[in-house]
$ cat run_30.pdb   # PDB, C-alpha atoms (C1' of nucleotides)
ATOM      1  CA  MET A  24     101.289  99.201  80.526
ATOM      2  CA  GLY A  25     103.645  96.889  82.038
ATOM      3  CA  LYS A  26     104.727  97.336  85.552
ATOM      4  CA  GLY A  27     105.669  93.761  86.254
ATOM      5  CA  ARG A  28     105.007  90.794  84.097
ATOM      6  CA  ASN A  29     102.404  90.369  81.454
ATOM      7  CA  ARG A  30      98.902  89.207  82.268
ATOM      8  CA  ILE A  31      98.427  88.200  78.653
ATOM      9  CA  SER A  32      99.273  84.702  77.502
ATOM     10  CA  ASN A  33      98.748  83.110  74.133
ATOM     11  CA  ARG A  34      98.747  79.919  72.149
ATOM     12  CA  ILE A  35     100.289  81.282  69.001
ATOM     13  CA  ARG A  36     102.895  78.550  68.870
ATOM     14  CA  GLU A  37     100.329  75.798  69.212
ATOM     15  CA  HIS A  38      98.185  77.374  66.526
ATOM     16  CA  ARG A  39     101.171  77.697  64.210
ATOM     17  CA  PHE A  40     101.986  74.024  64.491
ATOM     18  CA  HIS A  41      98.354  73.095  64.236
ATOM     19  CA  ALA A  42      98.200  75.126  61.031
ATOM     20  CA  GLY A  43     100.541  72.690  59.333
ATOM     21  CA  GLY A  44     103.796  74.025  60.667
ATOM     22  CA  MET A  45     103.371  77.648  59.704
ATOM     23  CA  THR A  46     106.624  79.485  60.365
ATOM     24  CA  GLN A  47     107.005  82.706  62.292
ATOM     25  CA  ALA A  48     108.051  84.447  59.096
ATOM     26  CA  GLU A  49     104.927  83.260  57.300
ATOM     27  CA  LEU A  50     102.688  84.306  60.131
ATOM     28  CA  ALA A  51     104.397  87.686  60.229
ATOM     29  CA  GLU A  52     103.693  88.307  56.582
ATOM     30  CA  THR A  53     100.094  87.133  56.830
ATOM     31  CA  VAL A  54      99.457  89.362  59.806
ATOM     32  CA  GLY A  55     101.335  92.258  58.287
ATOM     33  CA  VAL A  56     104.000  92.744  60.945
ATOM     34  CA  THR A  57     107.679  91.874  61.137
ATOM     35  CA  ARG A  58     109.127  88.591  62.272
ATOM     36  CA  GLN A  59     110.432  90.317  65.384
ATOM     37  CA  THR A  60     106.955  91.294  66.386
ATOM     38  CA  VAL A  61     105.713  87.731  66.003
ATOM     39  CA  ILE A  62     108.600  86.410  68.106
ATOM     40  CA  ALA A  63     108.091  88.945  70.885
ATOM     41  CA  MET A  64     104.328  88.416  70.807
ATOM     42  CA  GLU A  65     104.691  84.632  70.904
ATOM     43  CA  GLN A  66     107.071  84.895  73.845
ATOM     44  CA  GLY A  67     104.627  87.178  75.624
ATOM     45  CA  ARG A  68     107.174  89.960  75.912
ATOM     46  CA  TYR A  69     104.427  92.483  75.349
ATOM     47  CA  SER A  70     100.747  92.565  74.605
ATOM     48  CA  PRO A  71     100.097  93.490  71.002
ATOM     49  CA  SER A  72      97.653  96.080  69.810
ATOM     50  CA  LEU A  73      94.089  94.852  69.504
ATOM     51  CA  GLU A  74      94.333  95.142  65.743
ATOM     52  CA  VAL A  75      97.397  92.918  65.498
ATOM     53  CA  ALA A  76      95.773  90.469  67.909
ATOM     54  CA  PHE A  77      92.652  90.285  65.747
ATOM     55  CA  ARG A  78      94.674  89.765  62.581
ATOM     56  CA  THR A  79      96.798  87.093  64.276
ATOM     57  CA  ALA A  80      93.747  85.162  65.395
ATOM     58  CA  ARG A  81      92.282  85.573  61.954
ATOM     59  CA  ALA A  82      95.419  84.103  60.387
ATOM     60  CA  PHE A  83      94.532  80.894  62.214
ATOM     61  CA  GLY A  84      90.841  81.119  61.461
ATOM     62  CA  ALA A  85      90.228  81.209  65.204
ATOM     63  CA  PRO A  86      88.442  83.716  67.415
ATOM     64  CA  LEU A  87      90.734  86.057  69.306
ATOM     65  CA  THR A  88      89.735  84.551  72.630
ATOM     66  CA  GLU A  89      91.078  81.155  71.562
ATOM     67  CA  VAL A  90      94.513  82.554  70.835
ATOM     68  CA  PHE A  91      94.978  85.183  73.542
ATOM     69  CA  PHE A  92      94.121  84.867  77.215
ATOM     70  CA  TYR A  93      93.865  87.311  80.052
ATOM     71  CA  ASP A  94      95.284  85.705  83.181
ATOM     72  CA  GLU A  95      93.469  87.309  86.021
ATOM     73  CA  ASP A  96      94.808  86.923  89.485
ATOM     74  CA  GLU A  97      95.504  89.462  92.195
ATOM     75  CA  ASN A  98      94.683  93.164  91.975
ATOM     76  CA  GLY A  99      92.586  93.216  89.070
TER      77      GLY A  99
ATOM     78  CA  MET B 349     100.018 100.386  61.752
ATOM     79  CA  GLY B 350      97.247 102.675  60.888
ATOM     80  CA  LYS B 351      97.458 103.779  57.322
ATOM     81  CA  GLY B 352      93.853 104.629  56.727
ATOM     82  CA  ARG B 353      90.915 104.300  59.015
ATOM     83  CA  ASN B 354      90.526 101.972  61.893
ATOM     84  CA  ARG B 355      89.255  98.479  61.325
ATOM     85  CA  ILE B 356      88.364  98.180  64.963
ATOM     86  CA  SER B 357      84.908  99.174  66.187
ATOM     87  CA  ASN B 358      83.404  98.792  69.627
ATOM     88  CA  ARG B 359      80.242  98.936  71.681
ATOM     89  CA  ILE B 360      81.734 100.486  74.772
ATOM     90  CA  ARG B 361      79.083 103.192  74.905
ATOM     91  CA  GLU B 362      76.248 100.698  74.680
ATOM     92  CA  HIS B 363      77.823  98.564  77.370
ATOM     93  CA  ARG B 364      78.275 101.606  79.610
ATOM     94  CA  PHE B 365      74.639 102.515  79.390
ATOM     95  CA  HIS B 366      73.613  98.913  79.740
ATOM     96  CA  ALA B 367      75.687  98.782  82.923
ATOM     97  CA  GLY B 368      73.362 101.230  84.615
ATOM     98  CA  GLY B 369      74.773 104.400  83.152
ATOM     99  CA  MET B 370      78.387 103.881  84.048
ATOM    100  CA  THR B 371      80.291 107.062  83.298
ATOM    101  CA  GLN B 372      83.516 107.303  81.299
ATOM    102  CA  ALA B 373      85.343 108.351  84.445
ATOM    103  CA  GLU B 374      84.073 105.312  86.350
ATOM    104  CA  LEU B 375      85.012 102.984  83.526
ATOM    105  CA  ALA B 376      88.438 104.580  83.326
ATOM    106  CA  GLU B 377      89.100 103.918  86.981
ATOM    107  CA  THR B 378      87.810 100.361  86.814
ATOM    108  CA  VAL B 379      89.957  99.597  83.814
ATOM    109  CA  GLY B 380      92.935 101.416  85.243
ATOM    110  CA  VAL B 381      93.458 104.000  82.532
ATOM    111  CA  THR B 382      92.722 107.694  82.264
ATOM    112  CA  ARG B 383      89.455 109.241  81.168
ATOM    113  CA  GLN B 384      91.118 110.419  77.970
ATOM    114  CA  THR B 385      92.012 106.895  77.040
ATOM    115  CA  VAL B 386      88.418 105.771  77.508
ATOM    116  CA  ILE B 387      87.141 108.644  75.368
ATOM    117  CA  ALA B 388      89.615 108.004  72.549
ATOM    118  CA  MET B 389      88.950 104.271  72.723
ATOM    119  CA  GLU B 390      85.189 104.739  72.697
ATOM    120  CA  GLN B 391      85.473 107.054  69.690
ATOM    121  CA  GLY B 392      87.616 104.483  67.912
ATOM    122  CA  ARG B 393      90.444 106.940  67.456
ATOM    123  CA  TYR B 394      92.913 104.109  67.997
ATOM    124  CA  SER B 395      92.951 100.454  68.796
ATOM    125  CA  PRO B 396      93.926  99.908  72.424
ATOM    126  CA  SER B 397      96.447  97.427  73.658
ATOM    127  CA  LEU B 398      95.131  93.911  74.082
ATOM    128  CA  GLU B 399      95.522  94.231  77.824
ATOM    129  CA  VAL B 400      93.371  97.361  78.055
ATOM    130  CA  ALA B 401      90.831  95.759  75.731
ATOM    131  CA  PHE B 402      90.612  92.688  77.973
ATOM    132  CA  ARG B 403      90.203  94.790  81.100
ATOM    133  CA  THR B 404      87.565  96.944  79.435
ATOM    134  CA  ALA B 405      85.515  93.935  78.425
ATOM    135  CA  ARG B 406      85.965  92.524  81.899
ATOM    136  CA  ALA B 407      84.610  95.727  83.417
ATOM    137  CA  PHE B 408      81.340  94.898  81.681
ATOM    138  CA  GLY B 409      81.470  91.219  82.501
ATOM    139  CA  ALA B 410      81.470  90.525  78.789
ATOM    140  CA  PRO B 411      83.878  88.632  76.553
ATOM    141  CA  LEU B 412      86.244  90.799  74.549
ATOM    142  CA  THR B 413      84.621  89.788  71.302
ATOM    143  CA  GLU B 414      81.299  91.246  72.410
ATOM    144  CA  VAL B 415      82.813  94.646  73.032
ATOM    145  CA  PHE B 416      85.391  94.975  70.253
ATOM    146  CA  PHE B 417      84.943  94.042  66.602
ATOM    147  CA  TYR B 418      87.311  93.621  63.718
ATOM    148  CA  ASP B 419      85.640  95.010  60.609
ATOM    149  CA  GLU B 420      87.089  93.081  57.763
ATOM    150  CA  ASP B 421      86.554  94.394  54.290
ATOM    151  CA  GLU B 422      89.040  95.032  51.494
ATOM    152  CA  ASN B 423      92.640  93.858  51.601
ATOM    153  CA  GLY B 424      92.463  91.682  54.702
TER     154      GLY B 424
ATOM    155  C1'  DC C 887      70.504 131.944  86.186
ATOM    156  C1'  DT C 888      74.020 129.307  88.676
ATOM    157  C1'  DC C 889      76.266 125.100  89.977
ATOM    158  C1'  DC C 890      77.877 120.762  88.810
ATOM    159  C1'  DA C 891      78.485 116.482  86.435
ATOM    160  C1'  DA C 892      79.499 114.303  82.039
ATOM    161  C1'  DT C 893      81.512 114.701  77.754
ATOM    162  C1'  DG C 894      84.873 116.334  74.678
ATOM    163  C1'  DT C 895      89.169 119.005  72.792
ATOM    164  C1'  DC C 896      93.951 120.450  72.626
ATOM    165  C1'  DA C 897      98.836 120.273  73.677
ATOM    166  C1'  DT C 898     102.819 118.119  75.729
ATOM    167  C1'  DA C 899     105.364 114.284  77.076
ATOM    168  C1'  DA C 900     106.449 109.451  78.644
ATOM    169  C1'  DA C 901     105.904 104.549  77.805
ATOM    170  C1'  DA C 902     105.061 100.723  75.062
ATOM    171  C1'  DA C 903     104.502  98.652  70.490
ATOM    172  C1'  DC C 904     106.621  97.944  66.209
ATOM    173  C1'  DT C 905     110.317  98.297  62.443
ATOM    174  C1'  DA C 906     114.875  97.351  60.368
ATOM    175  C1'  DG C 907     119.114  95.110  60.094
ATOM    176  C1'  DA C 908     122.988  92.555  61.768
ATOM    177  C1'  DC C 909     124.318  88.493  63.907
ATOM    178  C1'  DA C 910     124.277  83.678  66.559
ATOM    179  C1'  DT C 911     122.710  78.890  66.967
ATOM    180  C1'  DG C 912     120.699  74.289  66.194
ATOM    181  C1'  DA C 913     118.611  71.241  62.956
ATOM    182  C1'  DT C 914     118.277  69.411  58.294
ATOM    183  C1'  DG C 915     119.864  68.291  53.827
ATOM    184  C1'  DT C 916     123.285  67.786  49.961
TER     185       DT C 916
ATOM    186  C1'  DA D 975     132.120  70.366  55.238
ATOM    187  C1'  DC D 976     128.919  73.675  53.405
ATOM    188  C1'  DA D 977     124.449  75.720  52.658
ATOM    189  C1'  DT D 978     119.920  76.768  54.215
ATOM    190  C1'  DC D 979     115.995  77.378  57.142
ATOM    191  C1'  DA D 980     113.792  78.417  61.519
ATOM    192  C1'  DT D 981     114.390  80.486  65.671
ATOM    193  C1'  DG D 982     116.171  83.854  68.706
ATOM    194  C1'  DT D 983     119.129  88.004  70.420
ATOM    195  C1'  DC D 984     120.770  92.713  70.336
ATOM    196  C1'  DT D 985     120.774  97.640  69.214
ATOM    197  C1'  DA D 986     118.658 101.619  67.540
ATOM    198  C1'  DG D 987     115.005 104.143  65.592
ATOM    199  C1'  DT D 988     109.906 105.416  64.392
ATOM    200  C1'  DT D 989     105.040 105.285  65.430
ATOM    201  C1'  DT D 990     101.154 104.640  68.411
ATOM    202  C1'  DT D 991      99.210 104.297  72.748
ATOM    203  C1'  DT D 992      98.607 106.330  77.244
ATOM    204  C1'  DA D 993      99.163 109.960  80.875
ATOM    205  C1'  DT D 994      98.711 114.702  82.663
ATOM    206  C1'  DG D 995      96.538 118.913  82.904
ATOM    207  C1'  DA D 996      94.055 122.826  81.257
ATOM    208  C1'  DC D 997      89.974 124.295  79.166
ATOM    209  C1'  DA D 998      85.157 124.464  76.387
ATOM    210  C1'  DT D 999      80.350 122.706  75.934
ATOM    211  C1'  DT D1000      76.075 120.670  77.010
ATOM    212  C1'  DG D1001      72.274 119.240  80.063
ATOM    213  C1'  DG D1002      70.046 118.716  84.391
ATOM    214  C1'  DA D1003      69.019 120.277  89.212
ATOM    215  C1'  DG D1004      68.412 123.713  92.760
TER     216       DG D1004
END
$ encode --input "run_30.pdb" --output "structure tokens"
Amino acid sequence: MGKGRNRISNRIREHRFHAGGMTQAELAETVGVTRQTVIAMEQGRYSPSLEVAFRTARAFGAPLTEVFFYDEDENG
Amino acid sequence: MGKGRNRISNRIREHRFHAGGMTQAELAETVGVTRQTVIAMEQGRYSPSLEVAFRTARAFGAPLTEVFFYDEDENG
DNA sequence: CTCCAATGTCATAAAAACTAGACATGATGT
DNA sequence: ACATCATGTCTAGTTTTTATGACATTGGAG
């Protein structure tokens, strides 16, 4: 969907560090995606599929809504 | 992604009816997607993007995790 | 019965997510 | 200096999501 910038933000990085310094590669394997996907996701370059989002949150033992956020502003 | 069946389930239909009989077409316009997307999503034929999932939940005034569910069984 | 709204299907095509591999850089360690 | 790990970039390709439009079915209302 992406006309302009992404309305989705996340705290993947914080969760990785909080999880004892889990690397992007480790997270990727746990989630079942490639390292590239983790990097792009973490940088907010695109919003992942709901399934990947759920598995990512689950990798941290956190609910999805504590890892991903919908920034609502303007036209909504 | 998507080898076997979908691990994502949802209660979109229940929320639609609970929201005073909101139609699929109305939901589609509120969310900003087409009617087809709502139908496929509601039937669980695929897991939507996180952004669409957030907007869908928001259309019901409910948190994402009350509309979409990650069914974890086997090889998680 | 006829009209219409709501749901659903099918096919085609564009856009976005995701994969795979090569390569660059900064930090850390030997 | 050399090796290694973690991060990040780039290009190119596959898969999935999403759009568009045409059409079938069901149920209710006039």
$ interface_residues --input "run_30.pdb" --of "chain A" --to "chain D" --cutoff "9 Å" --atoms "only C-alpha atoms (C1' of nucleotides)" --output "JSON, numbers by chain"
{"A": [24, 46, 47, 48, 62, 72]}
$ resolve_selection --input "run_30.pdb" --expression "the PyMOL selection byres ((chain B) within 9 of (chain A))" --output "list of chain:residue names"
B:Met349, B:Asn354, B:Arg355, B:Ile356, B:Thr378, B:Val379, B:Ser395, B:Pro396, B:Ser397, B:Leu398, B:Glu399, B:Val400, B:Ala401, B:Phe402, B:Arg403, B:Pro411, B:Leu412, B:Thr413, B:Phe416, B:Phe417, B:Tyr418, B:Gly424
$ closest_atom_pairs --input "run_30.pdb" --of "chain C" --to "chain A" --cutoff "9 Å" --atoms "all atoms listed in the file" --output "tab-separated table"
residue	atom	partner	partner_atom	distance
C:DA901	C1'	A:Met24	CA	7.6
C:DA902	C1'	A:Met24	CA	6.8
C:DA903	C1'	A:Pro71	CA	6.8
C:DC904	C1'	A:Thr60	CA	6.7
C:DT905	C1'	A:Thr57	CA	7.1
$ calpha_fit_and_write --input "run_30.pdb" --fixed "chain A" --moving "chain B" --output "PDB file with C-alpha atoms, in the coordinates of the input"
ATOM      1  CA  MET B 349     101.140  99.907  81.477  1.00  0.00           C
ATOM      2  CA  GLY B 350     103.361  97.086  82.359  1.00  0.00           C
ATOM      3  CA  LYS B 351     104.566  97.357  85.887  1.00  0.00           C
ATOM      4  CA  GLY B 352     105.315  93.743  86.561  1.00  0.00           C
ATOM      5  CA  ARG B 353     104.829  90.757  84.365  1.00  0.00           C
ATOM      6  CA  ASN B 354     102.413  90.367  81.560  1.00  0.00           C
ATOM      7  CA  ARG B 355      98.897  89.228  82.254  1.00  0.00           C
ATOM      8  CA  ILE B 356      98.472  88.250  78.652  1.00  0.00           C
ATOM      9  CA  SER B 357      99.320  84.731  77.499  1.00  0.00           C
ATOM     10  CA  ASN B 358      98.797  83.147  74.114  1.00  0.00           C
ATOM     11  CA  ARG B 359      98.783  79.928  72.146  1.00  0.00           C
ATOM     12  CA  ILE B 360     100.297  81.284  68.975  1.00  0.00           C
ATOM     13  CA  ARG B 361     102.911  78.542  68.846  1.00  0.00           C
ATOM     14  CA  GLU B 362     100.333  75.798  69.215  1.00  0.00           C
ATOM     15  CA  HIS B 363      98.180  77.369  66.539  1.00  0.00           C
ATOM     16  CA  ARG B 364     101.174  77.660  64.208  1.00  0.00           C
ATOM     17  CA  PHE B 365     101.970  74.003  64.506  1.00  0.00           C
ATOM     18  CA  HIS B 366      98.328  73.087  64.279  1.00  0.00           C
ATOM     19  CA  ALA B 367      98.179  75.078  61.044  1.00  0.00           C
ATOM     20  CA  GLY B 368     100.504  72.628  59.354  1.00  0.00           C
ATOM     21  CA  GLY B 369     103.756  73.972  60.694  1.00  0.00           C
ATOM     22  CA  MET B 370     103.331  77.576  59.711  1.00  0.00           C
ATOM     23  CA  THR B 371     106.591  79.393  60.325  1.00  0.00           C
ATOM     24  CA  GLN B 372     106.990  82.661  62.226  1.00  0.00           C
ATOM     25  CA  ALA B 373     108.012  84.367  59.004  1.00  0.00           C
ATOM     26  CA  GLU B 374     104.883  83.147  57.215  1.00  0.00           C
ATOM     27  CA  LEU B 375     102.663  84.239  60.071  1.00  0.00           C
ATOM     28  CA  ALA B 376     104.374  87.614  60.134  1.00  0.00           C
ATOM     29  CA  GLU B 377     103.636  88.198  56.480  1.00  0.00           C
ATOM     30  CA  THR B 378     100.045  87.032  56.775  1.00  0.00           C
ATOM     31  CA  VAL B 379      99.432  89.283  59.733  1.00  0.00           C
ATOM     32  CA  GLY B 380     101.307  92.160  58.175  1.00  0.00           C
ATOM     33  CA  VAL B 381     103.979  92.670  60.802  1.00  0.00           C
ATOM     34  CA  THR B 382     107.653  91.820  60.994  1.00  0.00           C
ATOM     35  CA  ARG B 383     109.122  88.534  62.140  1.00  0.00           C
ATOM     36  CA  GLN B 384     110.439  90.243  65.259  1.00  0.00           C
ATOM     37  CA  THR B 385     106.972  91.278  66.255  1.00  0.00           C
ATOM     38  CA  VAL B 386     105.720  87.712  65.917  1.00  0.00           C
ATOM     39  CA  ILE B 387     108.607  86.399  68.016  1.00  0.00           C
ATOM     40  CA  ALA B 388     108.124  88.968  70.781  1.00  0.00           C
ATOM     41  CA  MET B 389     104.368  88.423  70.723  1.00  0.00           C
ATOM     42  CA  GLU B 390     104.714  84.651  70.842  1.00  0.00           C
ATOM     43  CA  GLN B 391     107.117  84.939  73.778  1.00  0.00           C
ATOM     44  CA  GLY B 392     104.666  87.213  75.562  1.00  0.00           C
ATOM     45  CA  ARG B 393     107.224  89.970  75.875  1.00  0.00           C
ATOM     46  CA  TYR B 394     104.461  92.516  75.339  1.00  0.00           C
ATOM     47  CA  SER B 395     100.789  92.653  74.634  1.00  0.00           C
ATOM     48  CA  PRO B 396     100.178  93.547  70.996  1.00  0.00           C
ATOM     49  CA  SER B 397      97.747  96.115  69.757  1.00  0.00           C
ATOM     50  CA  LEU B 398      94.181  94.905  69.461  1.00  0.00           C
ATOM     51  CA  GLU B 399      94.412  95.183  65.703  1.00  0.00           C
ATOM     52  CA  VAL B 400      97.463  92.924  65.451  1.00  0.00           C
ATOM     53  CA  ALA B 401      95.843  90.503  67.886  1.00  0.00           C
ATOM     54  CA  PHE B 402      92.707  90.325  65.731  1.00  0.00           C
ATOM     55  CA  ARG B 403      94.710  89.762  62.563  1.00  0.00           C
ATOM     56  CA  THR B 404      96.822  87.100  64.245  1.00  0.00           C
ATOM     57  CA  ALA B 405      93.776  85.179  65.390  1.00  0.00           C
ATOM     58  CA  ARG B 406      92.287  85.581  61.942  1.00  0.00           C
ATOM     59  CA  ALA B 407      95.403  84.080  60.380  1.00  0.00           C
ATOM     60  CA  PHE B 408      94.515  80.888  62.228  1.00  0.00           C
ATOM     61  CA  GLY B 409      90.822  81.117  61.500  1.00  0.00           C
ATOM     62  CA  ALA B 410      90.228  81.241  65.228  1.00  0.00           C
ATOM     63  CA  PRO B 411      88.475  83.770  67.444  1.00  0.00           C
ATOM     64  CA  LEU B 412      90.771  86.116  69.324  1.00  0.00           C
ATOM     65  CA  THR B 413      89.795  84.616  72.640  1.00  0.00           C
ATOM     66  CA  GLU B 414      91.115  81.219  71.588  1.00  0.00           C
ATOM     67  CA  VAL B 415      94.544  82.602  70.836  1.00  0.00           C
ATOM     68  CA  PHE B 416      95.031  85.242  73.532  1.00  0.00           C
ATOM     69  CA  PHE B 417      94.183  84.924  77.217  1.00  0.00           C
ATOM     70  CA  TYR B 418      93.916  87.382  80.044  1.00  0.00           C
ATOM     71  CA  ASP B 419      95.334  85.751  83.161  1.00  0.00           C
ATOM     72  CA  GLU B 420      93.530  87.340  86.015  1.00  0.00           C
ATOM     73  CA  ASP B 421      94.918  86.856  89.466  1.00  0.00           C
ATOM     74  CA  GLU B 422      95.711  89.394  92.174  1.00  0.00           C
ATOM     75  CA  ASN B 423      94.652  93.027  91.997  1.00  0.00           C
ATOM     76  CA  GLY B 424      92.389  92.838  88.960  1.00  0.00           C
TER      77      GLY B 424
END
$ atom_distance --input "run_30.pdb" --atom1 "atom CA of B:Ser357" --atom2 "atom CA of B:Gly392"
6.2 Å
$ closest_residue --input "run_30.pdb" --among "B:Ala410, B:Ala405, B:Val386, B:Val415" --to "C:DG894" --atoms "all atoms listed in the file"
B:Val386
$ closest_residue --input "run_30.pdb" --among "B:Ala376, B:Ala367, B:Asn358, B:Phe408" --to "B:Arg393" --atoms "all atoms listed in the file"
B:Asn358
$ atom_distance --input "run_30.pdb" --atom1 "atom CA of A:Arg34" --atom2 "atom CA of B:Glu390"
28.3 Å
$ atom_distance --input "run_30.pdb" --atom1 "atom CA of B:Thr404" --atom2 "atom CA of B:Gly369"
15.3 Å
$ build_atoms --input "run_30.pdb" --residues "stretch 68-76 of chain A" --atoms "all heavy atoms" --output "PDB file, in the coordinates of the input"
ATOM      1  N   ARG A  68     106.353  88.859  75.414  1.00  0.00           N
ATOM      2  CA  ARG A  68     107.174  89.960  75.912  1.00  0.00           C
ATOM      3  C   ARG A  68     106.386  91.250  75.987  1.00  0.00           C
ATOM      4  O   ARG A  68     106.748  92.157  76.718  1.00  0.00           O
ATOM      5  CB  ARG A  68     108.408  90.140  75.027  1.00  0.00           C
ATOM      6  CG  ARG A  68     109.444  89.046  75.241  1.00  0.00           C
ATOM      7  CD  ARG A  68     110.862  89.614  75.253  1.00  0.00           C
ATOM      8  NE  ARG A  68     111.159  90.347  74.030  1.00  0.00           N
ATOM      9  CZ  ARG A  68     111.720  89.798  72.949  1.00  0.00           C
ATOM     10  NH1 ARG A  68     112.042  88.529  72.960  1.00  0.00           N
ATOM     11  NH2 ARG A  68     111.960  90.499  71.885  1.00  0.00           N
ATOM     12  N   TYR A  69     105.339  91.359  75.215  1.00  0.00           N
ATOM     13  CA  TYR A  69     104.427  92.483  75.349  1.00  0.00           C
ATOM     14  C   TYR A  69     103.081  92.106  74.769  1.00  0.00           C
ATOM     15  O   TYR A  69     102.963  91.120  74.047  1.00  0.00           O
ATOM     16  CB  TYR A  69     104.964  93.758  74.680  1.00  0.00           C
ATOM     17  CG  TYR A  69     105.342  93.636  73.235  1.00  0.00           C
ATOM     18  CD1 TYR A  69     104.396  93.354  72.265  1.00  0.00           C
ATOM     19  CD2 TYR A  69     106.641  93.848  72.829  1.00  0.00           C
ATOM     20  CE1 TYR A  69     104.728  93.263  70.936  1.00  0.00           C
ATOM     21  CE2 TYR A  69     106.986  93.754  71.491  1.00  0.00           C
ATOM     22  CZ  TYR A  69     106.018  93.463  70.561  1.00  0.00           C
ATOM     23  OH  TYR A  69     106.352  93.365  69.248  1.00  0.00           O
ATOM     24  N   SER A  70     102.074  92.854  75.141  1.00  0.00           N
ATOM     25  CA  SER A  70     100.747  92.565  74.605  1.00  0.00           C
ATOM     26  C   SER A  70     100.531  93.412  73.371  1.00  0.00           C
ATOM     27  O   SER A  70     100.640  94.631  73.412  1.00  0.00           O
ATOM     28  CB  SER A  70      99.666  92.835  75.650  1.00  0.00           C
ATOM     29  OG  SER A  70      99.603  94.201  75.964  1.00  0.00           O
ATOM     30  N   PRO A  71     100.218  92.781  72.275  1.00  0.00           N
ATOM     31  CA  PRO A  71     100.097  93.490  71.002  1.00  0.00           C
ATOM     32  C   PRO A  71      98.910  94.445  70.999  1.00  0.00           C
ATOM     33  O   PRO A  71      98.107  94.445  71.915  1.00  0.00           O
ATOM     34  CB  PRO A  71      99.871  92.358  70.003  1.00  0.00           C
ATOM     35  CG  PRO A  71      99.244  91.283  70.793  1.00  0.00           C
ATOM     36  CD  PRO A  71      99.859  91.368  72.139  1.00  0.00           C
ATOM     37  N   SER A  72      98.836  95.240  69.969  1.00  0.00           N
ATOM     38  CA  SER A  72      97.653  96.080  69.810  1.00  0.00           C
ATOM     39  C   SER A  72      96.475  95.175  69.475  1.00  0.00           C
ATOM     40  O   SER A  72      96.648  94.066  68.981  1.00  0.00           O
ATOM     41  CB  SER A  72      97.872  97.092  68.692  1.00  0.00           C
ATOM     42  OG  SER A  72      97.897  96.440  67.435  1.00  0.00           O
ATOM     43  N   LEU A  73      95.288  95.658  69.754  1.00  0.00           N
ATOM     44  CA  LEU A  73      94.089  94.852  69.504  1.00  0.00           C
ATOM     45  C   LEU A  73      93.988  94.485  68.034  1.00  0.00           C
ATOM     46  O   LEU A  73      93.571  93.378  67.689  1.00  0.00           O
ATOM     47  CB  LEU A  73      92.860  95.650  69.941  1.00  0.00           C
ATOM     48  CG  LEU A  73      91.537  94.917  69.943  1.00  0.00           C
ATOM     49  CD1 LEU A  73      91.614  93.636  70.741  1.00  0.00           C
ATOM     50  CD2 LEU A  73      90.441  95.825  70.483  1.00  0.00           C
ATOM     51  N   GLU A  74      94.408  95.397  67.175  1.00  0.00           N
ATOM     52  CA  GLU A  74      94.333  95.142  65.743  1.00  0.00           C
ATOM     53  C   GLU A  74      95.245  93.988  65.334  1.00  0.00           C
ATOM     54  O   GLU A  74      94.816  93.077  64.629  1.00  0.00           O
ATOM     55  CB  GLU A  74      94.713  96.425  64.981  1.00  0.00           C
ATOM     56  CG  GLU A  74      94.484  96.300  63.497  1.00  0.00           C
ATOM     57  CD  GLU A  74      94.455  97.653  62.815  1.00  0.00           C
ATOM     58  OE1 GLU A  74      94.494  98.686  63.517  1.00  0.00           O
ATOM     59  OE2 GLU A  74      94.395  97.669  61.573  1.00  0.00           O
ATOM     60  N   VAL A  75      96.464  94.004  65.808  1.00  0.00           N
ATOM     61  CA  VAL A  75      97.397  92.918  65.498  1.00  0.00           C
ATOM     62  C   VAL A  75      96.894  91.605  66.085  1.00  0.00           C
ATOM     63  O   VAL A  75      96.999  90.549  65.461  1.00  0.00           O
ATOM     64  CB  VAL A  75      98.804  93.243  66.021  1.00  0.00           C
ATOM     65  CG1 VAL A  75      99.708  92.023  65.959  1.00  0.00           C
ATOM     66  CG2 VAL A  75      99.404  94.381  65.213  1.00  0.00           C
ATOM     67  N   ALA A  76      96.318  91.672  67.278  1.00  0.00           N
ATOM     68  CA  ALA A  76      95.773  90.469  67.909  1.00  0.00           C
ATOM     69  C   ALA A  76      94.641  89.885  67.068  1.00  0.00           C
ATOM     70  O   ALA A  76      94.586  88.671  66.841  1.00  0.00           O
ATOM     71  CB  ALA A  76      95.273  90.807  69.314  1.00  0.00           C
TER      72      ALA A  76
END
